[in-house]
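Undergrad: Hey, dropping run13.csv in here, CSV, C-alpha atoms and all ligand atoms:
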chain,number,residue,atom,x,y,z
W,227,MET,CA,79.0,-5.3,-131.7
W,228,LEU,CA,76.9,-8.1,-130.3
W,229,PHE,CA,76.0,-10.9,-132.7
W,230,GLN,CA,74.1,-14.0,-131.8
W,231,GLN,CA,76.1,-16.2,-134.1
W,232,GLY,CA,75.0,-19.7,-134.9
W,233,GLU,CA,78.2,-20.9,-133.3
W,234,ARG,CA,77.1,-19.4,-130.0
W,235,LEU,CA,73.6,-20.6,-130.2
W,236,GLY,CA,74.8,-24.1,-131.0
W,237,GLN,CA,76.9,-24.1,-127.9
W,238,VAL,CA,74.1,-22.8,-125.7
W,239,PHE,CA,71.5,-25.2,-126.9
W,240,GLY,CA,73.9,-28.1,-127.4
W,241,GLY,CA,73.1,-28.4,-131.1
W,242,THR,CA,75.5,-29.1,-133.9
W,243,ARG,CA,77.6,-26.3,-135.2
W,244,MET,CA,75.7,-24.2,-137.7
W,245,GLN,CA,77.2,-23.5,-141.0
W,246,CYS,CA,77.4,-20.0,-142.6
W,247,CYS,CA,74.0,-19.2,-144.1
W,248,LEU,CA,75.6,-17.4,-147.0
W,249,CYS,CA,78.0,-20.0,-148.3
W,250,SER,CA,77.4,-23.2,-146.3
W,251,GLU,CA,81.2,-23.8,-146.4
W,252,ALA,CA,82.3,-22.8,-142.9
W,253,PRO,CA,81.0,-22.4,-139.3
W,254,ASP,CA,78.8,-19.4,-138.7
W,255,LEU,CA,81.4,-17.1,-137.1
W,256,ILE,CA,81.9,-13.4,-137.1
W,257,SER,CA,85.3,-13.4,-138.6
W,258,HIS,CA,84.1,-15.7,-141.4
W,259,LEU,CA,80.9,-13.8,-142.0
W,260,PHE,CA,82.5,-10.3,-142.3
W,261,PHE,CA,85.9,-11.3,-143.9
W,262,GLN,CA,86.4,-14.9,-145.0
W,263,CYS,CA,83.0,-15.7,-146.5
W,264,PRO,CA,83.1,-15.8,-150.3
W,265,PHE,CA,79.9,-13.7,-150.3
W,266,THR,CA,81.6,-10.9,-148.3
W,267,ILE,CA,85.0,-11.3,-150.0
W,268,SER,CA,83.4,-10.5,-153.3
W,269,ILE,CA,81.8,-7.3,-151.8
W,270,TRP,CA,85.1,-6.1,-150.3
W,271,PHE,CA,87.1,-7.0,-153.4
W,272,GLY,CA,84.4,-5.7,-155.8
W,273,SER,CA,84.3,-2.3,-154.2
W,274,LYS,CA,86.6,0.6,-155.1
W,275,TRP,CA,88.9,-0.4,-152.2
W,276,GLN,CA,89.6,-3.8,-153.7
W,277,VAL,CA,90.5,-5.3,-150.3
W,278,ARG,CA,91.5,-9.0,-150.1
W,279,THR,CA,89.9,-9.7,-146.8
W,280,ASP,CA,90.5,-13.5,-147.2
W,281,SER,CA,94.2,-12.8,-146.6
W,282,LEU,CA,93.5,-11.3,-143.1
W,283,PRO,CA,93.9,-13.4,-140.0
W,284,ASN,CA,90.8,-14.5,-138.1
W,285,LEU,CA,89.5,-11.6,-136.1
W,286,ASP,CA,87.1,-11.5,-133.2
W,287,GLY,CA,84.4,-8.8,-133.0
W,288,ARG,CA,86.6,-6.3,-131.2
W,289,GLU,CA,89.6,-6.8,-133.6
W,290,LEU,CA,87.2,-6.4,-136.5
W,291,VAL,CA,86.0,-3.0,-135.3
W,292,SER,CA,89.6,-2.0,-134.7
W,293,TRP,CA,90.7,-3.1,-138.2
W,294,ILE,CA,87.8,-1.1,-139.8
W,295,LEU,CA,88.7,2.0,-137.7
W,296,SER,CA,92.4,1.9,-138.4
W,297,THR,CA,93.4,-0.3,-141.2
W,298,PRO,CA,97.1,-0.7,-141.3
W,299,GLN,CA,97.0,-0.7,-145.1
W,300,LEU,CA,95.8,3.0,-145.0
W,301,ALA,CA,98.3,4.1,-142.3
W,302,HIS,CA,99.9,6.6,-144.6
W,303,CYS,CA,96.7,7.9,-146.2
W,304,ASP,CA,95.1,11.2,-145.2
W,305,THR,CA,92.3,11.4,-142.7
W,306,GLU,CA,89.6,11.8,-145.2
W,307,VAL,CA,90.5,8.6,-147.0
W,308,LYS,CA,90.6,6.7,-143.7
W,309,ARG,CA,87.2,8.2,-142.8
W,310,GLN,CA,85.7,7.0,-146.1
W,311,PHE,CA,87.1,3.5,-145.6
W,312,THR,CA,85.7,3.3,-142.0
W,313,LEU,CA,82.3,4.4,-143.3
W,314,PHE,CA,82.5,1.8,-146.1
W,315,GLY,CA,83.5,-1.0,-143.6
W,316,ALA,CA,80.7,-0.1,-141.2
W,317,VAL,CA,78.1,-0.1,-143.9
W,318,VAL,CA,79.4,-3.4,-145.4
W,319,CYS,CA,79.1,-5.1,-142.0
W,320,ASP,CA,75.6,-3.7,-141.5
W,321,LYS,CA,74.4,-4.8,-144.9
W,322,VAL,CA,76.1,-8.3,-144.8
W,323,TRP,CA,74.6,-8.9,-141.3
W,324,LYS,CA,71.1,-8.0,-142.6
W,325,ALA,CA,71.6,-10.2,-145.6
W,326,ARG,CA,72.7,-13.1,-143.4
W,327,ASN,CA,69.6,-12.6,-141.1
W,328,GLY,CA,67.3,-12.4,-144.2
W,329,VAL,CA,68.6,-15.8,-145.3
W,330,PHE,CA,68.6,-17.2,-141.7
W,331,TYR,CA,65.2,-16.0,-140.6
W,332,ASN,CA,63.2,-15.6,-143.8
W,333,GLY,CA,64.9,-17.9,-146.3
W,334,ASP,CA,65.6,-14.9,-148.6
W,335,ASN,CA,68.1,-15.2,-151.4
W,336,ALA,CA,71.2,-13.0,-150.9
W,337,ASP,CA,73.2,-11.7,-153.8
W,338,PRO,CA,76.5,-10.0,-153.1
W,339,ARG,CA,76.1,-7.7,-156.1
W,340,ILE,CA,72.9,-6.4,-154.7
W,341,VAL,CA,74.4,-5.9,-151.3
W,342,LEU,CA,77.4,-4.0,-152.8
W,343,SER,CA,74.9,-1.8,-154.7
W,344,GLN,CA,73.0,-1.2,-151.4
W,345,VAL,CA,76.3,-0.3,-149.7
W,346,ASN,CA,77.2,2.2,-152.4
W,347,THR,CA,73.7,3.7,-152.3
W,348,VAL,CA,73.9,4.3,-148.6
W,349,ILE,CA,77.4,5.9,-148.9
W,350,ALA,CA,76.3,8.1,-151.8
W,351,GLU,CA,73.3,9.3,-149.7
W,352,PHE,CA,75.5,9.9,-146.7
W,353,THR,CA,78.0,11.9,-148.8
W,354,SER,CA,75.2,13.9,-150.4
W,355,VAL,CA,73.8,14.8,-146.9
W,356,GLU,CA,77.3,15.7,-145.7
W,357,ASN,CA,77.9,18.0,-148.7
W,358,GLN,CA,74.6,19.8,-148.2
W,359,LEU,CA,75.5,20.2,-144.5
W,360,VAL,CA,78.8,21.7,-145.5
W,361,GLY,CA,77.1,23.9,-148.1
W,362,ASP,CA,74.5,25.1,-145.6
W,363,SER,CA,76.5,28.2,-144.8
W,364,ASN,CA,75.8,29.5,-148.3
W,365,HIS,CA,72.2,30.1,-147.6
W,366,VAL,CA,72.6,32.0,-144.4
W,367,GLY,CA,73.0,35.2,-146.4
W,368,SER,CA,69.7,34.7,-148.1
W,369,LEU,CA,68.1,33.9,-144.8
W,370,GLU,CA,69.4,37.1,-143.3
W,371,SER,CA,68.2,39.1,-146.3
W,372,THR,CA,64.7,37.8,-146.1
W,373,ASN,CA,63.3,36.4,-142.9
W,374,LEU,CA,65.6,38.1,-140.5
W,375,GLN,CA,65.3,41.6,-142.0
W,376,ARG,CA,61.5,41.1,-142.0
W,377,HIS,CA,61.7,40.4,-138.3
W,378,ASN,CA,64.3,43.2,-137.8
W,379,LEU,CA,66.5,40.8,-136.0
W,380,SER,CA,70.1,40.0,-135.6
W,381,ILE,CA,70.9,36.5,-134.7
W,382,ASN,CA,73.9,36.0,-132.5
W,383,GLY,CA,73.4,32.9,-130.5
W,384,VAL,CA,72.9,29.3,-131.4
W,385,ARG,CA,70.6,28.5,-134.3
W,386,ILE,CA,68.6,25.3,-134.5
W,387,TYR,CA,67.2,24.3,-137.8
W,388,VAL,CA,64.3,21.7,-137.6
W,389,ASP,CA,62.5,19.7,-140.2
W,390,ALA,CA,60.6,16.4,-140.6
W,391,ALA,CA,59.8,13.8,-143.2
W,392,PHE,CA,56.6,11.8,-143.2
W,393,LYS,CA,55.0,8.9,-145.1
W,394,ASN,CA,52.6,6.2,-144.4
W,395,GLY,CA,52.2,6.7,-140.7
W,396,ARG,CA,55.8,7.2,-140.0
W,397,GLY,CA,57.8,10.3,-139.4
W,398,THR,CA,61.4,11.3,-138.8
W,399,ALA,CA,62.4,14.6,-137.2
W,400,ALA,CA,65.8,16.1,-137.7
W,401,ILE,CA,67.5,19.0,-136.1
W,402,VAL,CA,70.8,20.7,-136.9
W,403,SER,CA,72.2,23.2,-134.5
W,404,ARG,CA,74.9,25.7,-135.4
W,405,ASP,CA,77.0,28.2,-133.4
W,406,SER,CA,77.3,31.9,-134.2
W,407,ASN,CA,80.1,31.0,-136.7
W,408,ASN,CA,77.8,28.6,-138.5
W,409,ARG,CA,79.7,25.6,-137.3
W,410,ILE,CA,77.5,22.5,-136.8
W,411,LEU,CA,77.1,21.6,-133.1
W,412,ASP,CA,74.5,18.8,-133.2
W,413,LEU,CA,72.8,16.5,-135.7
W,414,VAL,CA,69.9,14.7,-134.1
W,415,THR,CA,67.2,12.5,-135.6
W,416,ASP,CA,64.2,10.7,-134.3
W,417,SER,CA,61.9,8.2,-136.1
W,418,PHE,CA,58.4,7.6,-134.8
W,419,GLU,CA,54.9,6.7,-135.6
W,420,ALA,CA,52.9,9.8,-136.6
W,421,SER,CA,49.4,10.6,-138.0
W,422,SER,CA,50.3,13.5,-140.3
W,423,PRO,CA,53.2,15.6,-141.7
W,424,LEU,CA,52.0,18.3,-139.3
W,425,GLU,CA,52.5,16.1,-136.3
W,426,ALA,CA,56.0,15.2,-137.5
W,427,GLU,CA,56.9,18.9,-138.0
W,428,GLY,CA,55.6,19.5,-134.4
W,429,HIS,CA,57.7,16.8,-133.1
W,430,ALA,CA,60.8,18.3,-134.8
W,431,LEU,CA,60.1,21.7,-133.3
W,432,LYS,CA,59.7,20.1,-129.8
W,433,MET,CA,63.0,18.3,-130.2
W,434,GLY,CA,64.6,21.6,-131.1
W,435,ILE,CA,63.3,23.2,-127.9
W,436,GLN,CA,64.3,20.2,-125.8
W,437,LEU,CA,67.9,20.4,-127.2
W,438,CYS,CA,68.0,24.1,-126.3
W,439,GLN,CA,66.7,23.3,-122.8
W,440,GLY,CA,69.1,20.4,-122.3
W,441,ARG,CA,72.1,22.5,-123.3
W,442,ASN,CA,71.1,25.5,-121.3
W,443,TRP,CA,71.7,27.7,-124.2
W,444,GLU,CA,70.8,31.2,-123.2
W,445,GLU,CA,70.5,32.8,-126.7
W,446,CYS,CA,68.9,30.5,-129.1
W,447,SER,CA,66.7,30.7,-132.3
W,448,ILE,CA,64.8,27.9,-133.8
W,449,PHE,CA,64.0,27.9,-137.6
W,450,SER,CA,61.2,25.8,-139.0
W,451,ASP,CA,59.8,25.9,-142.6
W,452,CYS,CA,56.3,24.9,-141.2
W,453,GLN,CA,54.2,28.1,-141.1
W,454,VAL,CA,51.4,26.5,-139.3
W,455,TRP,CA,53.6,25.6,-136.3
W,456,VAL,CA,55.4,28.9,-136.3
W,457,LYS,CA,52.1,30.9,-136.3
W,458,ALA,CA,50.7,28.6,-133.5
W,459,VAL,CA,53.8,29.4,-131.4
W,460,GLU,CA,53.6,33.1,-132.1
W,461,ARG,CA,50.0,33.2,-131.0
W,462,ARG,CA,50.2,30.4,-128.4
W,463,LYS,CA,47.1,29.0,-130.1
W,464,VAL,CA,46.3,25.4,-130.8
W,465,HIS,CA,46.1,25.0,-134.6
W,466,THR,CA,44.5,21.5,-134.9
W,467,TRP,CA,42.5,19.9,-132.1
W,468,GLN,CA,43.8,16.5,-133.0
W,469,LEU,CA,47.3,17.8,-132.2
W,470,ALA,CA,46.3,19.8,-129.1
W,471,TRP,CA,48.4,17.6,-126.9
W,472,LEU,CA,51.5,18.3,-129.0
W,473,CYS,CA,50.7,22.1,-129.2
W,474,LEU,CA,50.3,22.3,-125.4
W,475,SER,CA,53.5,20.3,-124.9
W,476,VAL,CA,55.4,22.7,-127.2
W,477,PHE,CA,53.9,25.8,-125.5
W,478,ASN,CA,54.8,24.4,-122.1
W,479,LEU,CA,58.4,23.7,-123.1
W,480,LEU,CA,58.7,27.2,-124.6
W,481,SER,CA,57.8,28.7,-121.2
W,482,THR,CA,60.8,27.1,-119.7
W,483,VAL,CA,63.5,28.4,-122.1
W,484,HIS,CA,64.5,31.6,-123.7
W,485,VAL,CA,64.1,30.8,-127.3
W,486,ASN,CA,62.5,32.4,-130.4
W,487,VAL,CA,60.9,30.4,-133.2
W,488,TYR,CA,61.0,31.8,-136.7
W,489,TRP,CA,59.7,30.6,-140.0
W,490,THR,CA,62.2,30.2,-142.8
W,491,PRO,CA,61.7,29.1,-146.4
W,492,ARG,CA,62.5,25.5,-147.1
W,493,VAL,CA,65.4,26.6,-149.4
W,494,CYS,CA,67.0,28.1,-146.3
W,495,ASN,CA,66.4,25.0,-144.3
W,496,LYS,CA,68.4,22.6,-146.5
W,497,SER,CA,70.5,20.9,-143.9
W,498,ALA,CA,67.6,19.8,-141.6
W,499,HIS,CA,65.5,18.9,-144.6
W,500,ALA,CA,68.2,16.7,-146.1
W,501,LEU,CA,69.0,15.1,-142.7
W,502,ALA,CA,65.3,14.3,-142.1
W,503,ASN,CA,64.9,12.6,-145.5
W,504,TRP,CA,68.0,10.6,-145.2
W,505,ALA,CA,67.3,9.5,-141.6
W,506,PHE,CA,63.7,8.7,-142.6
W,507,ARG,CA,64.9,6.2,-145.3
W,508,LEU,CA,67.2,4.5,-142.8
W,509,ASN,CA,64.7,4.8,-139.9
W,510,LEU,CA,67.4,6.4,-137.7
W,511,SER,CA,67.0,7.8,-134.3
W,512,GLY,CA,69.5,9.5,-132.0
W,513,PRO,CA,72.5,11.9,-132.3
W,514,LEU,CA,75.0,11.5,-135.1
W,515,SER,CA,78.6,12.0,-134.4
W,516,ILE,CA,80.2,15.0,-136.2
W,601,ZN,ZN,80.1,-18.0,-145.5
With the file now loaded, output its structure as structure tokens.

TA:
Amino acid sequence: MLFQQGERLGQVFGGTRMQCCLCSEAPDLISHLFFQCPFTISIWFGSKWQVRTDSLPNLDGRELVSWILSTPQLAHCDTEVKRQFTLFGAVVCDKVWKARNGVFYNGDNADPRIVLSQVNTVIAEFTSVENQLVGDSNHVGSLESTNLQRHNLSINGVRIYVDAAFKNGRGTAAIVSRDSNNRILDLVTDSFEASSPLEAEGHALKMGIQLCQGRNWEECSIFSDCQVWVKAVERRKVHTWQLAWLCLSVFNLLSTVHVNVYWTPRVCNKSAHALANWAFRLNLSGPLSI
């Protein structure tokens, strides 16, 4: 983590030491901001974990990350509890850092109760997406009984589910790849400017093909719930002239890999749909660790 703390800036520019923006009671240091500041203490202690971070020693950035990843207090707890705590710690640091910057740069008012509520919302959303990803295997049966029978297919290789979210000129594409045992291989998101939901869906499809290409998967099927794109691919025909550039890019990519693109009902595309909506709200881009 790289933070341009006031302390550092003060040293660089020869100014006086800056005080913490959230409490004005101590120098603006990482250990203070994330553990010792009364603002943050109330978030840690007010959470379900009820951690007294003010009793911890001063930690630098590296030690802080290490403490969040393997808290000695949870040494005897099971892996899932440790994982939840790490997620909580990471989200707290992110939200506190943003609250601090809001005060520092924009003169916002920061309220620890609101920040804790934001933290809990992010974690609830993440857990919901995770649960849907786990439950995704349930709908493969229905997928096989509808779309695949219609296509008279048997799917053996990697499946890539693609979907996109769009609103107000911004889109997020999400792809979920699964092996033949339905285990998740990749979760990838990308947020970008877009002119329409159709453009965002096309971008998701393109990402799916690029993933297949990048991994050199020889047997790969892509599932999209966007009929317009699936038909365009089947016929290799541009569907909208405004998106001709994207259509041609997709067709061109498809000529380089052995991959089939199928339409699937949205109900059978839950994992990519949930991932796209979640990543859209957080404006995320990049692969997620599994
Ligand atoms: Zn403070």

Undergrad: Please, what distance in Å, to one decimal, runs between CA of Val348 (chain W) and CA of Gly272 (chain W)?

TA: 16.2 Å

Undergrad: Figure out the distance between CA of Ser511 (chain W) and CA of Pro491 (chain W), please, to one decimal in Å.

TA: 25.1 Å

Undergrad: Return as a PyMOL selection string every polymer residue, whether protein, DNA or RNA, with at least one atom no more than 7 Å from an atom of ligand ZN 601 (chain W); count only C-alpha atoms and all ligand atoms.

TA: chain W and resi 246-252+258-259+263-265

Undergrad: Just checking: using only C-alpha atoms, which residue out of W:Phe449, W:Trp467, W:Trp455, W:Phe352 ends up closest to Asn503 (chain W)?

TA: W:Phe352

Undergrad: Name the residues in contact with region 298-301 of chain W at a cut-off of 10 Å, using only C-alpha atoms, excluding same-chain residues fewer than 6 positions from it; report them as a list in words.

TA: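 Once the nearby chain positions are removed, what remains is Val277, Val307, Lys308 and Phe311 of chain W.
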
Undergrad: Given the choices W:Asp412, W:Tyr488, W:Leu255, W:Asn478, which gets closest to Arg462 (chain W) if the distance is worked out from only C-alpha atoms?

TA: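 Closest residue, counting only C-alpha atoms: W:Asn478.
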
Undergrad: I'd like the neighbourhood of Ser450 (chain W) as an mmCIF file with C-alpha atoms, in the frame of the given file, where a residue qualifies if any of its atoms comes within 7 Å (using only C-alpha atoms), though same-chain residues fewer than 5 positions away should be ignored.

TA:
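Output saved as part21.cif:
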data_model
loop_
_atom_site.group_PDB
_atom_site.id
_atom_site.type_symbol
_atom_site.label_atom_id
_atom_site.label_comp_id
_atom_site.auth_asym_id
_atom_site.auth_seq_id
_atom_site.Cartn_x
_atom_site.Cartn_y
_atom_site.Cartn_z
ATOM 1 C CA TYR W 387 67.200 24.300 -137.800
ATOM 2 C CA VAL W 388 64.300 21.700 -137.600
ATOM 3 C CA ASP W 389 62.500 19.700 -140.200
ATOM 4 C CA TYR W 488 61.000 31.800 -136.700
ATOM 5 C CA TRP W 489 59.700 30.600 -140.000
ATOM 6 C CA THR W 490 62.200 30.200 -142.800
#

Undergrad: At what distance in Å, to one decimal, does CA of Asn509 (chain W) lie from CA of Lys496 (chain W)?

TA: 19.3 Å

Undergrad: Just give me the residues with any atom within 12 Å of (80.9, 4.4, -143.6), file coordinates, counting only C-alpha atoms, written as a CSV table (one decimal) with C-alpha atoms, keeping the file's coordinate frame.

TA:
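What ended up in out-v4.csv:
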chain,number,residue,atom,x,y,z
W,294,ILE,CA,87.8,-1.1,-139.8
W,295,LEU,CA,88.7,2.0,-137.7
W,306,GLU,CA,89.6,11.8,-145.2
W,307,VAL,CA,90.5,8.6,-147.0
W,308,LYS,CA,90.6,6.7,-143.7
W,309,ARG,CA,87.2,8.2,-142.8
W,310,GLN,CA,85.7,7.0,-146.1
W,311,PHE,CA,87.1,3.5,-145.6
W,312,THR,CA,85.7,3.3,-142.0
W,313,LEU,CA,82.3,4.4,-143.3
W,314,PHE,CA,82.5,1.8,-146.1
W,315,GLY,CA,83.5,-1.0,-143.6
W,316,ALA,CA,80.7,-0.1,-141.2
W,317,VAL,CA,78.1,-0.1,-143.9
W,318,VAL,CA,79.4,-3.4,-145.4
W,319,CYS,CA,79.1,-5.1,-142.0
W,320,ASP,CA,75.6,-3.7,-141.5
W,321,LYS,CA,74.4,-4.8,-144.9
W,345,VAL,CA,76.3,-0.3,-149.7
W,346,ASN,CA,77.2,2.2,-152.4
W,347,THR,CA,73.7,3.7,-152.3
W,348,VAL,CA,73.9,4.3,-148.6
W,349,ILE,CA,77.4,5.9,-148.9
W,350,ALA,CA,76.3,8.1,-151.8
W,351,GLU,CA,73.3,9.3,-149.7
W,352,PHE,CA,75.5,9.9,-146.7
W,353,THR,CA,78.0,11.9,-148.8

Undergrad: Of the candidates W:Asp416, W:Asp280, W:Glu445, W:Asp334, which one gets nearest to Met433 (chain W) if we count all atoms listed in the file?

TA: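 Looking only at the distances to Met433 (chain W), the closest residue turns out to be W:Asp416.
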
Undergrad: Find, counting all atoms listed in the file, the residue in W:Gly395, W:Gln453, W:Leu510, W:Gln245 that gets nearest to Val414 (chain W).

TA: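 Counting all atoms listed in the file, the residue closest to Val414 (chain W) is W:Leu510.
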
Undergrad: Let me make sure I understand: among W:Val459, W:Cys452, W:Ala426, W:Ile340, which one has the smallest atom-to-atom distance to Val487 (chain W) if we use only C-alpha atoms?

TA: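 The answer is W:Val459, which sits nearest to Val487 (chain W).
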
Undergrad: Kindly provide, as a list in words, the polymer residues lying within 10 Å of (63.8, 28.2, -117.2), counting all atoms listed in the file and using the coordinates exactly as they appear in the file.

TA: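 Those residues lying close to the given coordinates are Gln439, Asn442, Glu444, Leu479, Leu480, Ser481, Thr482, Val483 and His484 of chain W.
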
Undergrad: Working from the structure I just supplied, which lacks atoms in region 244-261 of chain W, can you model N, CA and C atoms there and output them as a PDB file, in the frame of the given file?

TA:
ATOM      1  N   MET W 244      76.474 -24.652-136.495  1.00  0.00           N
ATOM      2  CA  MET W 244      75.700 -24.200-137.700  1.00  0.00           C
ATOM      3  C   MET W 244      76.704 -23.717-138.731  1.00  0.00           C
ATOM      4  N   GLN W 245      76.341 -23.955-139.951  1.00  0.00           N
ATOM      5  CA  GLN W 245      77.200 -23.500-141.000  1.00  0.00           C
ATOM      6  C   GLN W 245      76.746 -22.073-141.448  1.00  0.00           C
ATOM      7  N   CYS W 246      77.655 -21.344-142.073  1.00  0.00           N
ATOM      8  CA  CYS W 246      77.400 -20.000-142.600  1.00  0.00           C
ATOM      9  C   CYS W 246      76.166 -20.053-143.524  1.00  0.00           C
ATOM     10  N   CYS W 247      75.197 -19.157-143.306  1.00  0.00           N
ATOM     11  CA  CYS W 247      74.000 -19.200-144.100  1.00  0.00           C
ATOM     12  C   CYS W 247      74.266 -18.723-145.562  1.00  0.00           C
ATOM     13  N   LEU W 248      75.340 -17.956-145.734  1.00  0.00           N
ATOM     14  CA  LEU W 248      75.600 -17.400-147.000  1.00  0.00           C
ATOM     15  C   LEU W 248      76.375 -18.262-147.992  1.00  0.00           C
ATOM     16  N   CYS W 249      77.187 -19.174-147.420  1.00  0.00           N
ATOM     17  CA  CYS W 249      78.000 -20.000-148.300  1.00  0.00           C
ATOM     18  C   CYS W 249      77.927 -21.498-147.935  1.00  0.00           C
ATOM     19  N   SER W 250      77.476 -21.817-146.733  1.00  0.00           N
ATOM     20  CA  SER W 250      77.400 -23.200-146.300  1.00  0.00           C
ATOM     21  C   SER W 250      78.747 -23.913-146.288  1.00  0.00           C
ATOM     22  N   GLU W 251      79.831 -23.137-146.270  1.00  0.00           N
ATOM     23  CA  GLU W 251      81.200 -23.800-146.400  1.00  0.00           C
ATOM     24  C   GLU W 251      81.969 -23.734-145.128  1.00  0.00           C
ATOM     25  N   ALA W 252      81.504 -22.985-144.130  1.00  0.00           N
ATOM     26  CA  ALA W 252      82.300 -22.800-142.900  1.00  0.00           C
ATOM     27  C   ALA W 252      81.372 -22.548-141.738  1.00  0.00           C
ATOM     28  N   PRO W 253      81.864 -22.716-140.484  1.00  0.00           N
ATOM     29  CA  PRO W 253      81.000 -22.400-139.300  1.00  0.00           C
ATOM     30  C   PRO W 253      80.596 -20.938-139.327  1.00  0.00           C
ATOM     31  N   ASP W 254      79.438 -20.704-138.728  1.00  0.00           N
ATOM     32  CA  ASP W 254      78.800 -19.400-138.700  1.00  0.00           C
ATOM     33  C   ASP W 254      79.520 -18.512-137.641  1.00  0.00           C
ATOM     34  N   LEU W 255      80.662 -17.948-137.991  1.00  0.00           N
ATOM     35  CA  LEU W 255      81.400 -17.100-137.100  1.00  0.00           C
ATOM     36  C   LEU W 255      81.574 -15.703-137.599  1.00  0.00           C
ATOM     37  N   ILE W 256      81.786 -14.774-136.660  1.00  0.00           N
ATOM     38  CA  ILE W 256      81.900 -13.400-137.100  1.00  0.00           C
ATOM     39  C   ILE W 256      83.011 -13.149-138.063  1.00  0.00           C
ATOM     40  N   SER W 257      84.190 -13.692-137.751  1.00  0.00           N
ATOM     41  CA  SER W 257      85.300 -13.400-138.600  1.00  0.00           C
ATOM     42  C   SER W 257      85.063 -14.014-140.025  1.00  0.00           C
ATOM     43  N   HIS W 258      84.395 -15.162-140.059  1.00  0.00           N
ATOM     44  CA  HIS W 258      84.100 -15.700-141.400  1.00  0.00           C
ATOM     45  C   HIS W 258      83.069 -14.856-142.098  1.00  0.00           C
ATOM     46  N   LEU W 259      81.982 -14.507-141.399  1.00  0.00           N
ATOM     47  CA  LEU W 259      80.900 -13.800-142.000  1.00  0.00           C
ATOM     48  C   LEU W 259      81.387 -12.432-142.633  1.00  0.00           C
ATOM     49  N   PHE W 260      82.186 -11.684-141.866  1.00  0.00           N
ATOM     50  CA  PHE W 260      82.500 -10.300-142.300  1.00  0.00           C
ATOM     51  C   PHE W 260      83.821 -10.272-143.155  1.00  0.00           C
ATOM     52  N   PHE W 261      84.642 -11.330-143.126  1.00  0.00           N
ATOM     53  CA  PHE W 261      85.900 -11.300-143.900  1.00  0.00           C
ATOM     54  C   PHE W 261      86.204 -12.450-144.763  1.00  0.00           C
TER      55      PHE W 261
END
